[in-house]
Every structure is written in structure tokens, then in C-alpha cells.
Amino acid sequence: MVVRAVRRIMRIPGMRSENLAYISGGARKQLTPGRVAVFLIITIGAIAMVVPFLWAFTISLKSMSEVYRSVGRQFIPDSWHWENYLLAWRSAHLLRAFMNSLFVTTVSTAGEVLICALAAYALARTHFPGSRFFMVAFLSTLMISFQVIAIPTYIVLRDLRLLDTYGGLIFPGLANGFFIFLLKNYFEEIPHELEEAATMDGSSFVGTFFRIIMPLSAPALATIVIFSFVGHWNAFMLPLLVINDPKRATLQYALQLYMMGGTSDTGNLPPLNEQMAAVIITMAPILILFFTLQRYFMKGLTLGALKQ
Amino acid sequence: MVLSQRLQTLGAEIYKQRMRYLFLLPALTVFTLFKFYPMYRAIVFSVSKYSFAGIKFVGLTHYQRLLTDPDFGRALLNTFELALLSIVMGFWTPILLALLLHEVAFKNAFRTVYYIPHLFSWVVIGGIWLWLLSPNGLINSALGLVGIKGVYWLTSAFWIKPVLVVMGIWHGVGYSALLYLASLQSIDPQIYEAAKIDGATKLQQAMRITLPLITPTVVVVFILNMIKNLQSFDQIYIMSGGGSGGLGGEVKRASDVVMTYAYDKGIGLGRLDYASAISLVLFVIILILTLANMKMTKYDEGRRF
């Protein structure tokens with residue numbers, strides 16, 4: 001019956017969704033018990049998503065005696081101990097780790113996006129000797145995830161004398177087959193006439209890329225910059241393998257060391273309120289990025305997996 | 001003659017396109033050094049004996065040992081158990097969530113909230129959950145309020161797997177739901193209008209229209225999540241005390257997966273040859289399961305979505 005209905009719709013020429021939008025979208029939604037129930041379920045789930053973070057935040061502001069006293073009972077701290085952040089910042093050497101992360105993430109992101117854009121532009125539109133081979137080679141890297149080759153990557157980095165260096169953290173993440181694929185598709189949607197006009201005016205291949213293609217692709221590039229940045233910032237396994245000297249630890253690795261008691265002189269676990277302060281500090285840059293650039297995040301996500 | 005002519009035109013073509021090759025060079029170098037070459041090294045290492053004396057070819061010895069290594073067998077079993085449990089508990093949750101999100105008021109605000117956990121690394125998530133699940137943590141306190149006795153979640157060989165799976169779902173449900181939601185939004189609303197005219201109920205609409213139309217997305221998300229689960233490392237490593245033996249042996253045995261086992265052998269014990277063989281076995285398992293999945297579900301048809 002439903003299938004028949006679909007077929008009937010399909011047969012009517014010119015019946016596109018926009019013609020019917022006023023029927024489905026225009027009608028005001030009524031407050032039925034079903035809708036209220038859905039809203040309640042979704043709200044409960046949403047609370048479960050954020051409560052752990054909020055609770056971690058309030059613990060980071062409590063004194064330890066209050067943490068013990070108020071577990072699960074009191075949410076708002078009696079007195080606000082912002083100094084926990086300072087203590088965590090100092091004892092976990094977070095400044096150093098923060099700067100390391102910022103440096104490694106920035107260089108990796110800038111490098112990765114540029115390298116992927118160059119490769120994508122080279123492969124866009126034209127067939128040339130080897131172009132198919134390169135495309136297949138790049139796409140095949142999607143099958144080789146970092147985890148699976150983590151141990152061999154460690155071997156390669158050791159051979160290249162890149163263990164315990166920033167280079168060891170940066171180089172393996174400088175290209176991504178998926179980003180190349182996405183950018184290639186995006187570049188191909190830019191009207192070809194623009195490039196031809198630029199070439200007529202004497203613009204070179206490189207000039208066209210930097211002056212025409214890159215500026216026009218700003219939205220796609222922004223999305224990729226964000227995902228590259230988040231990916232590099234959150235990387236844990238690579239620093240775990242590469243870094244031995246705590247001086248070069250990235251934030252994620254330093255946080256893990258600190259929470260396991262690896263940075264204290266006594267080897268004791270740090271107090272919970274300071275641990276949570278360190279966690280919040282590590283979350284902060286991503287959280288700020290997310291809420292300022294939410295539009296690109298949401299667009300990029302769906303762009304992300306579905307076209308893979 | 002003909003051959004040399006063709007070579008000449010090929011050379012001319014390559015020369016004409018020389019900038020393109022130059023543009024490809026950086027990406028090709030990175031991939032060669034950090035994707036293809038490690039893969040090659042893994043294969044070579046997995047058939048060699050590696051020691052201070054040098055490298056010696058030993059054939060398939062490491063693979064033979066893997067077959068009889070009870071620790072590897074257990075890690076493999078744990079990996080499959082966790083993946084299966086993730087499917088049972090986590091396959092339908094994002095689909096249901098997306099269907100509900102599609103209907104609910106303030107849809108955009110809610111989908112943002114559900115996505116938040118996925119933004120953060122497992123170090124951050126693990127740090128928070130280690131406390132949530134600690135004997136005096138939030139979860140046991142909340143259970144205490146309704147009169148249920150707390151559980152030692154992280155030191156119980158029984159509870160550790162469900163806990164890891166629930167954490168994984170909590171972390172990723174918003175992301176998967178977003179993918180489904182995008183797919184739901186691409187369904188033409190007039191199909192529902194037509195169904196309504198024909199007297200189809202909401203349930204019928206969901207079963208007969210929505211689910212068939214989002215099937216390609218379901219397949220993609222299923223494959224992505226399966227791969228993610230089979231090769232999980234960060235979460236397990238962090239929740240089991242960062243390799244410092246923070247957990248009792250019993251729990252470590254219950255939560256050890258292929259990747260953590262490879263890490264312990266390769267980096268912890270320096271058996272890089274054996275760990276390379278483990279990595280390759282995992283790679284082949286993932287490859288086979290992915291290809292089987294694609295074949296069974298005619299994945300190619302879904303590409304258009």
C-alpha cells in the first residue's frame with residue numbers, strides 16, 4: 001500500500017518536495033502526549049550526556065573535604081576553590097604540555113590541510129598518466145588505520161631517529177586520504193570557467209590554485225581545519241608511542257601521566273579536585289572551538305562519513 | 001617506432017602536467033613513509049626474529065605461536081565479545097535517538113548536546129568516568145539514593161565489559177545519531193504525505209518508508225563502528241590504569257583486547273616482531289569483515305547517499 005503511494009507520487013511530474021513544503025512544514029505541531037513523552041526521553045538522555053562534565057567541573061572547584069562529604073548529594077560547591085586550577089596547572093606541568101600541544105597541533109593541522117589541498121587539486125578534473133593509480137593509492141590508505149600500523153610506525157619512527165621529537169608527533173599525521181577525497185570533490189564543484197578565465201589572463205597552475213581555488217573553498221577548508229585540529233589535539237596513542245621525555249609530552253599524554261600519579265614525586269595519585277581541574281583545562285580549547293564554530297562542525301560531520 | 005612515439009607523447013604529457021606531480025609529491029611522501037612503508041615493515045618483521053644480534057628470517061613461526069598463545073586467544077575473544085556487545089547494545093540506540101530527535105522540538109540544540117562527548121579524547125572521558133565509576137563515585141551514590149548497593153565497576157571482571165561498552169555508546173551515540181539524522185532529513189516529506197493519504201500509521205511509516213530509505217547509512221555506520229570497536233585501544237588502555245597494572249590481573253584479563261595486547265608485547269616487552277604479527281592479523285580480520293559487510297549489503301548502492 002505504501003509502496004503504491006510512493007510509486008504514485010513518483011509518477012506525477014513536477015511534484016517535488018518544495019511544492020508540498022507548505023503542507024508538511026507549515027502546519028503547526030500540536031502538543032500531544034506522544035510528543036511530550038519524546039521530549040522527556042530526549043531531555044533525560046541529554047542530561048546524561050552533560051552531567052558527567054558538569055559534575056567534573058563542580059568537583060574541580062570544591063575542596064577535598066567537601067568532595068568526600070558531598071558525593072552525589074550537593075552539586076554547587078560551598079566555597080569556590082579556583083586555586084585548584086593553579087595547583088593542577090603547576091603540578092601537572094600543564095603550561096609546558098599546553099604549549100607542546102598547541103605547537104604540534106597547529107603545525108600538523110596547517111601542514112595536513114595544505115598537503116591534502118595540493119594533492120586534491122592535482123587530482124581534480126583532469127586525467128593524466130598515473131592519476132588513477134594515485135587516487136587508488138590515496139583511497140587505499142583509508143583501510144590502514146593508525147591503530148593497526150601503530151607498532152610498525154613506531155619501528156619506522158625509531159629508524160628515522162624521530163622518537164622523542166616533535167617531528168615524530170607531526171610527520172605521521174601530515175596527510176589524510178579522506179580529506180583529499182573530500183577536497184577533490186569540492187574542487188570539482190567549482191565552475192571550471194573560473195579556472196579557464198584565470199589561465200587566459202596568464203595565471204599559472206600554482207597561481208590559480210592559491211588565488212582562485214583556495215579562497216573559493218574556504219567553507220570546505222574550514223571544516224577540514226576543524227576536524228584536523230580536533231584529531232591532532234585529541235591524539236593519544238601517537239604521543240604514547242613516540243614520547244618518553246615528559247618535557248615533550250602533549251597535553252593528552254601529560255594529563256594521563258598526571259592522573260596515573262606519574263608526575264608526582266611520591267607516585268601518589270593527585271587529589272580528585274585537581275585532577276578534574278586538569279581535565280577541564282584539557283577540554284577547554286576544543287569546547288571553545290566547538291561553540292564558536294558549531295556551524296562548520298555540524299556541516300562537516302555529515303559531509304564526513306556519508307560520502308565515504 | 002610506434003612505441004618510441006608513444007613514449008614521446010607520454011613524456012610530453014608528463015612534462016605538461018609536471019606541476020600536478022609536484023603537488024602530489026608531499027602527500028605521496030607522507031603516505032609512503034607512514035602508511036605503506038610501515039605496512040611493509042610489519043610484514044617483514046612478522047616473519048623475522050628480531051634481536052640485538054640483528055634480523056633473521058623465521059618464516060611463519062610468529063603466526064604459529066599466535067595460534068597457540070592463550071593470552072592472544074583471550075585478547076581476541078575479548079575484542080569480539082566487546083564488539084558483539086557493542087552491536088547488541090549500541091546498534092539500535094543511535095537509530096532510535098535519531099528517529100526521536102527528528103520529531104522533537106529544539107532539535108538543533110539537542111543534537112548539539114548529544115554530540116558533545118564525542119568531541120573529547122579518551123583521556124578526558126576516561127578521567128571523568130574513572131571517578132564516576134569509582135566505589136564512592138557519582139553512579140554508586142546515585143544508586144545508593146534509591147537503595148541499591150554500589151558495585152565495584154572497574155575492579156569486577158563481570159562488570160568491566162558492559163561498563164566499557166556503555167561508555168563507548170555514551171561517547172559515540174550522538175555522532176552516529178547525527179549521521180542518521182542527516183539521512184532522515186534527506187527523505188522527501190511527500191512520501192510520508194502520500195503514505196498518510198493511504199492511511200498508513202506512524203509505525204508503518206517508520207518500518208516501511210524510513211528504515212528502508214536509511215539502510216545505506218545504517219550499513220556505513222555499522223561498518224565504521226565495527227572497525228572502531230575491533231581496533232579500540234585508547235579507551236581500554238586508559239580505563240585499565242594506563243598499563244601501570246592499576247587493575248587486578250583478573251580485570252586486566254577480562255578487558256585486554258588485541259591492540260592493548262600488541263602494545264604490551266611490542267612496546268612493553270620490546271617484542272616488535274611478535275607485535276607486528278598481531279597487528280597484521282587484526283588488519284586482515286578487519287579487512288575481511290569490512291569486505292564481507294559490503295558484499296552482503298551491496299554497499300555500492302549506498303554510495304550515492
# chains A, B, ... in the order shown; residues from 1 in each chain; ligands from 1
$ interface_residues --of "chain B" --to "chain A" --cutoff "7 Å" --atoms "only C-alpha atoms" --output "PyMOL selection string"
chain B and resi 14+20+23-24+26-27+30-31+34-35+38-39+41-42+100+104+110+113-114+117+120-121+123-124+128+137-138+141-142+179+182+188-191+194-195+198+217+231+234+266+275-276+279+283+303+305
$ write_last_selection --atoms "C-alpha atoms" --output "tab-separated table (two decimals), in the first residue's frame"
chain	number	residue	atom	x	y	z
B	14	ILE	CA	54.00	14.14	-18.13
B	20	ARG	CA	50.41	18.18	-10.79
B	23	PHE	CA	51.53	18.93	-5.98
B	24	LEU	CA	51.07	15.21	-5.32
B	26	PRO	CA	54.14	15.82	-0.35
B	27	ALA	CA	51.05	13.66	0.23
B	30	VAL	CA	53.80	11.11	3.86
B	31	PHE	CA	51.68	8.13	2.83
B	34	PHE	CA	53.82	6.42	7.35
B	35	LYS	CA	51.24	4.14	5.74
B	38	PRO	CA	55.08	0.64	7.96
B	39	MET	CA	52.75	-1.91	6.39
B	41	ARG	CA	57.86	-3.26	7.66
B	42	ALA	CA	55.14	-5.04	9.62
B	100	LEU	CA	13.23	10.73	18.23
B	104	VAL	CA	11.39	16.59	18.92
B	110	PHE	CA	19.54	18.63	21.41
B	113	VAL	CA	24.23	18.34	23.31
B	114	TYR	CA	24.29	14.69	22.28
B	117	PRO	CA	31.04	13.70	24.44
B	120	PHE	CA	36.88	14.85	23.67
B	121	SER	CA	39.75	12.43	23.86
B	123	VAL	CA	41.99	10.60	28.28
B	124	VAL	CA	39.47	13.27	29.23
B	128	ILE	CA	35.90	11.65	34.31
B	137	GLY	CA	31.65	7.87	42.69
B	138	LEU	CA	28.57	9.51	41.31
B	141	SER	CA	25.99	7.38	45.13
B	142	ALA	CA	23.02	7.75	42.82
B	179	LEU	CA	24.67	10.72	10.57
B	182	ALA	CA	21.17	13.78	8.08
B	188	ASP	CA	11.37	13.55	0.70
B	189	PRO	CA	8.49	14.55	3.02
B	190	GLN	CA	5.93	13.95	0.27
B	191	ILE	CA	6.50	10.22	0.60
B	194	ALA	CA	1.33	10.02	0.31
B	195	ALA	CA	1.51	7.26	2.90
B	198	ASP	CA	-3.26	5.96	2.02
B	217	THR	CA	23.50	4.95	6.18
B	231	GLN	CA	40.75	-1.73	16.92
B	234	ASP	CA	42.82	4.38	23.93
B	266	GLY	CA	55.65	-4.69	21.34
B	275	ALA	CA	53.54	-7.41	17.91
B	276	SER	CA	53.82	-6.79	14.16
B	279	SER	CA	48.81	-6.08	14.15
B	283	PHE	CA	44.32	-5.84	9.92
B	303	ARG	CA	27.40	5.39	-2.08
B	305	PHE	CA	23.66	8.83	-0.32
$ residues_around --residues "range 94-96 of chain B" --least-positions-apart "3" --cutoff "6 Å" --atoms "only C-alpha atoms" --output "PyMOL selection string"
chain B and resi 99+173+176-177
$ atom_distance --atom1 "CA of Leu54 in chain A" --atom2 "CA of Tyr258 in chain A"
21.3 Å
$ select_by_dssp --residues "range 2-229 of chain A" --states "helix (DSSP H, G or I)" --output "MDAnalysis selection string"
chainID A and resid 2:11 17:24 33:59 64:70 83:91 94:123 131:143 150:159 166:173 177:189 192:200 205:216 218:229
$ decode --residues "range 172-207 of chain B" --atoms "N, CA and C atoms" --output "PDB file, in the first residue's frame"
ATOM      1  N   GLY B 172      29.806   7.806  21.677  1.00  0.00           N
ATOM      2  CA  GLY B 172      29.632   7.888  20.232  1.00  0.00           C
ATOM      3  C   GLY B 172      28.202   7.980  19.723  1.00  0.00           C
ATOM      4  N   VAL B 173      27.209   7.865  20.632  1.00  0.00           N
ATOM      5  CA  VAL B 173      25.833   7.781  20.162  1.00  0.00           C
ATOM      6  C   VAL B 173      25.409   9.062  19.431  1.00  0.00           C
ATOM      7  N   GLY B 174      25.877  10.201  19.916  1.00  0.00           N
ATOM      8  CA  GLY B 174      25.483  11.465  19.304  1.00  0.00           C
ATOM      9  C   GLY B 174      26.025  11.595  17.894  1.00  0.00           C
ATOM     10  N   TYR B 175      27.242  11.106  17.700  1.00  0.00           N
ATOM     11  CA  TYR B 175      27.862  11.167  16.379  1.00  0.00           C
ATOM     12  C   TYR B 175      27.100  10.298  15.386  1.00  0.00           C
ATOM     13  N   SER B 176      26.862   9.047  15.773  1.00  0.00           N
ATOM     14  CA  SER B 176      26.121   8.156  14.868  1.00  0.00           C
ATOM     15  C   SER B 176      24.725   8.704  14.610  1.00  0.00           C
ATOM     16  N   ALA B 177      24.076   9.219  15.661  1.00  0.00           N
ATOM     17  CA  ALA B 177      22.718   9.742  15.503  1.00  0.00           C
ATOM     18  C   ALA B 177      22.701  10.902  14.511  1.00  0.00           C
ATOM     19  N   LEU B 178      23.744  11.725  14.530  1.00  0.00           N
ATOM     20  CA  LEU B 178      23.823  12.845  13.589  1.00  0.00           C
ATOM     21  C   LEU B 178      23.858  12.363  12.146  1.00  0.00           C
ATOM     22  N   LEU B 179      24.599  11.268  11.931  1.00  0.00           N
ATOM     23  CA  LEU B 179      24.674  10.720  10.572  1.00  0.00           C
ATOM     24  C   LEU B 179      23.300  10.226  10.133  1.00  0.00           C
ATOM     25  N   TYR B 180      22.609   9.514  11.053  1.00  0.00           N
ATOM     26  CA  TYR B 180      21.260   9.036  10.723  1.00  0.00           C
ATOM     27  C   TYR B 180      20.307  10.203  10.492  1.00  0.00           C
ATOM     28  N   LEU B 181      20.473  11.233  11.320  1.00  0.00           N
ATOM     29  CA  LEU B 181      19.579  12.384  11.229  1.00  0.00           C
ATOM     30  C   LEU B 181      19.713  13.057   9.857  1.00  0.00           C
ATOM     31  N   ALA B 182      20.952  13.185   9.392  1.00  0.00           N
ATOM     32  CA  ALA B 182      21.174  13.783   8.078  1.00  0.00           C
ATOM     33  C   ALA B 182      20.485  12.954   7.002  1.00  0.00           C
ATOM     34  N   SER B 183      20.560  11.633   7.183  1.00  0.00           N
ATOM     35  CA  SER B 183      19.921  10.742   6.219  1.00  0.00           C
ATOM     36  C   SER B 183      18.397  10.863   6.285  1.00  0.00           C
ATOM     37  N   LEU B 184      17.874  10.992   7.512  1.00  0.00           N
ATOM     38  CA  LEU B 184      16.419  11.159   7.674  1.00  0.00           C
ATOM     39  C   LEU B 184      15.942  12.441   7.012  1.00  0.00           C
ATOM     40  N   GLN B 185      16.748  13.501   7.159  1.00  0.00           N
ATOM     41  CA  GLN B 185      16.342  14.793   6.624  1.00  0.00           C
ATOM     42  C   GLN B 185      16.357  14.818   5.104  1.00  0.00           C
ATOM     43  N   SER B 186      17.087  13.856   4.519  1.00  0.00           N
ATOM     44  CA  SER B 186      17.141  13.844   3.054  1.00  0.00           C
ATOM     45  C   SER B 186      15.970  13.083   2.455  1.00  0.00           C
ATOM     46  N   ILE B 187      15.129  12.490   3.319  1.00  0.00           N
ATOM     47  CA  ILE B 187      13.955  11.779   2.784  1.00  0.00           C
ATOM     48  C   ILE B 187      12.887  12.801   2.401  1.00  0.00           C
ATOM     49  N   ASP B 188      12.366  12.623   1.205  1.00  0.00           N
ATOM     50  CA  ASP B 188      11.367  13.550   0.697  1.00  0.00           C
ATOM     51  C   ASP B 188      10.085  13.490   1.545  1.00  0.00           C
ATOM     52  N   PRO B 189       9.664  14.604   2.143  1.00  0.00           N
ATOM     53  CA  PRO B 189       8.487  14.550   3.021  1.00  0.00           C
ATOM     54  C   PRO B 189       7.221  14.123   2.294  1.00  0.00           C
ATOM     55  N   GLN B 190       7.182  14.299   0.962  1.00  0.00           N
ATOM     56  CA  GLN B 190       5.933  13.954   0.270  1.00  0.00           C
ATOM     57  C   GLN B 190       5.661  12.449   0.271  1.00  0.00           C
ATOM     58  N   ILE B 191       6.713  11.665   0.496  1.00  0.00           N
ATOM     59  CA  ILE B 191       6.495  10.222   0.597  1.00  0.00           C
ATOM     60  C   ILE B 191       5.608   9.941   1.806  1.00  0.00           C
ATOM     61  N   TYR B 192       5.896  10.643   2.910  1.00  0.00           N
ATOM     62  CA  TYR B 192       5.078  10.453   4.112  1.00  0.00           C
ATOM     63  C   TYR B 192       3.654  10.958   3.889  1.00  0.00           C
ATOM     64  N   GLU B 193       3.563  12.082   3.172  1.00  0.00           N
ATOM     65  CA  GLU B 193       2.227  12.632   2.893  1.00  0.00           C
ATOM     66  C   GLU B 193       1.400  11.604   2.124  1.00  0.00           C
ATOM     67  N   ALA B 194       2.032  11.013   1.123  1.00  0.00           N
ATOM     68  CA  ALA B 194       1.327  10.024   0.314  1.00  0.00           C
ATOM     69  C   ALA B 194       0.907   8.834   1.164  1.00  0.00           C
ATOM     70  N   ALA B 195       1.822   8.401   2.047  1.00  0.00           N
ATOM     71  CA  ALA B 195       1.512   7.261   2.904  1.00  0.00           C
ATOM     72  C   ALA B 195       0.341   7.593   3.822  1.00  0.00           C
ATOM     73  N   LYS B 196       0.341   8.836   4.327  1.00  0.00           N
ATOM     74  CA  LYS B 196      -0.713   9.257   5.242  1.00  0.00           C
ATOM     75  C   LYS B 196      -2.068   9.226   4.517  1.00  0.00           C
ATOM     76  N   ILE B 197      -2.039   9.709   3.273  1.00  0.00           N
ATOM     77  CA  ILE B 197      -3.280   9.716   2.499  1.00  0.00           C
ATOM     78  C   ILE B 197      -3.801   8.293   2.340  1.00  0.00           C
ATOM     79  N   ASP B 198      -2.862   7.354   2.166  1.00  0.00           N
ATOM     80  CA  ASP B 198      -3.264   5.957   2.024  1.00  0.00           C
ATOM     81  C   ASP B 198      -3.596   5.307   3.360  1.00  0.00           C
ATOM     82  N   GLY B 199      -3.492   6.068   4.448  1.00  0.00           N
ATOM     83  CA  GLY B 199      -3.905   5.559   5.745  1.00  0.00           C
ATOM     84  C   GLY B 199      -2.854   4.749   6.484  1.00  0.00           C
ATOM     85  N   ALA B 200      -1.552   4.978   6.200  1.00  0.00           N
ATOM     86  CA  ALA B 200      -0.506   4.259   6.920  1.00  0.00           C
ATOM     87  C   ALA B 200      -0.320   4.869   8.307  1.00  0.00           C
ATOM     88  N   THR B 201      -0.141   4.005   9.304  1.00  0.00           N
ATOM     89  CA  THR B 201       0.087   4.513  10.657  1.00  0.00           C
ATOM     90  C   THR B 201       1.533   4.979  10.786  1.00  0.00           C
ATOM     91  N   LYS B 202       1.821   5.668  11.912  1.00  0.00           N
ATOM     92  CA  LYS B 202       3.188   6.157  12.163  1.00  0.00           C
ATOM     93  C   LYS B 202       4.187   5.007  12.155  1.00  0.00           C
ATOM     94  N   LEU B 203       3.789   3.892  12.798  1.00  0.00           N
ATOM     95  CA  LEU B 203       4.682   2.740  12.888  1.00  0.00           C
ATOM     96  C   LEU B 203       4.946   2.161  11.498  1.00  0.00           C
ATOM     97  N   GLN B 204       3.875   2.051  10.723  1.00  0.00           N
ATOM     98  CA  GLN B 204       4.035   1.545   9.364  1.00  0.00           C
ATOM     99  C   GLN B 204       4.952   2.444   8.556  1.00  0.00           C
ATOM    100  N   GLN B 205       4.766   3.758   8.737  1.00  0.00           N
ATOM    101  CA  GLN B 205       5.627   4.699   8.010  1.00  0.00           C
ATOM    102  C   GLN B 205       7.085   4.480   8.380  1.00  0.00           C
ATOM    103  N   ALA B 206       7.326   4.296   9.694  1.00  0.00           N
ATOM    104  CA  ALA B 206       8.707   4.106  10.144  1.00  0.00           C
ATOM    105  C   ALA B 206       9.288   2.818   9.571  1.00  0.00           C
ATOM    106  N   MET B 207       8.501   1.723   9.602  1.00  0.00           N
ATOM    107  CA  MET B 207       9.021   0.432   9.187  1.00  0.00           C
ATOM    108  C   MET B 207       9.130   0.312   7.672  1.00  0.00           C
TER     109      MET B 207
END
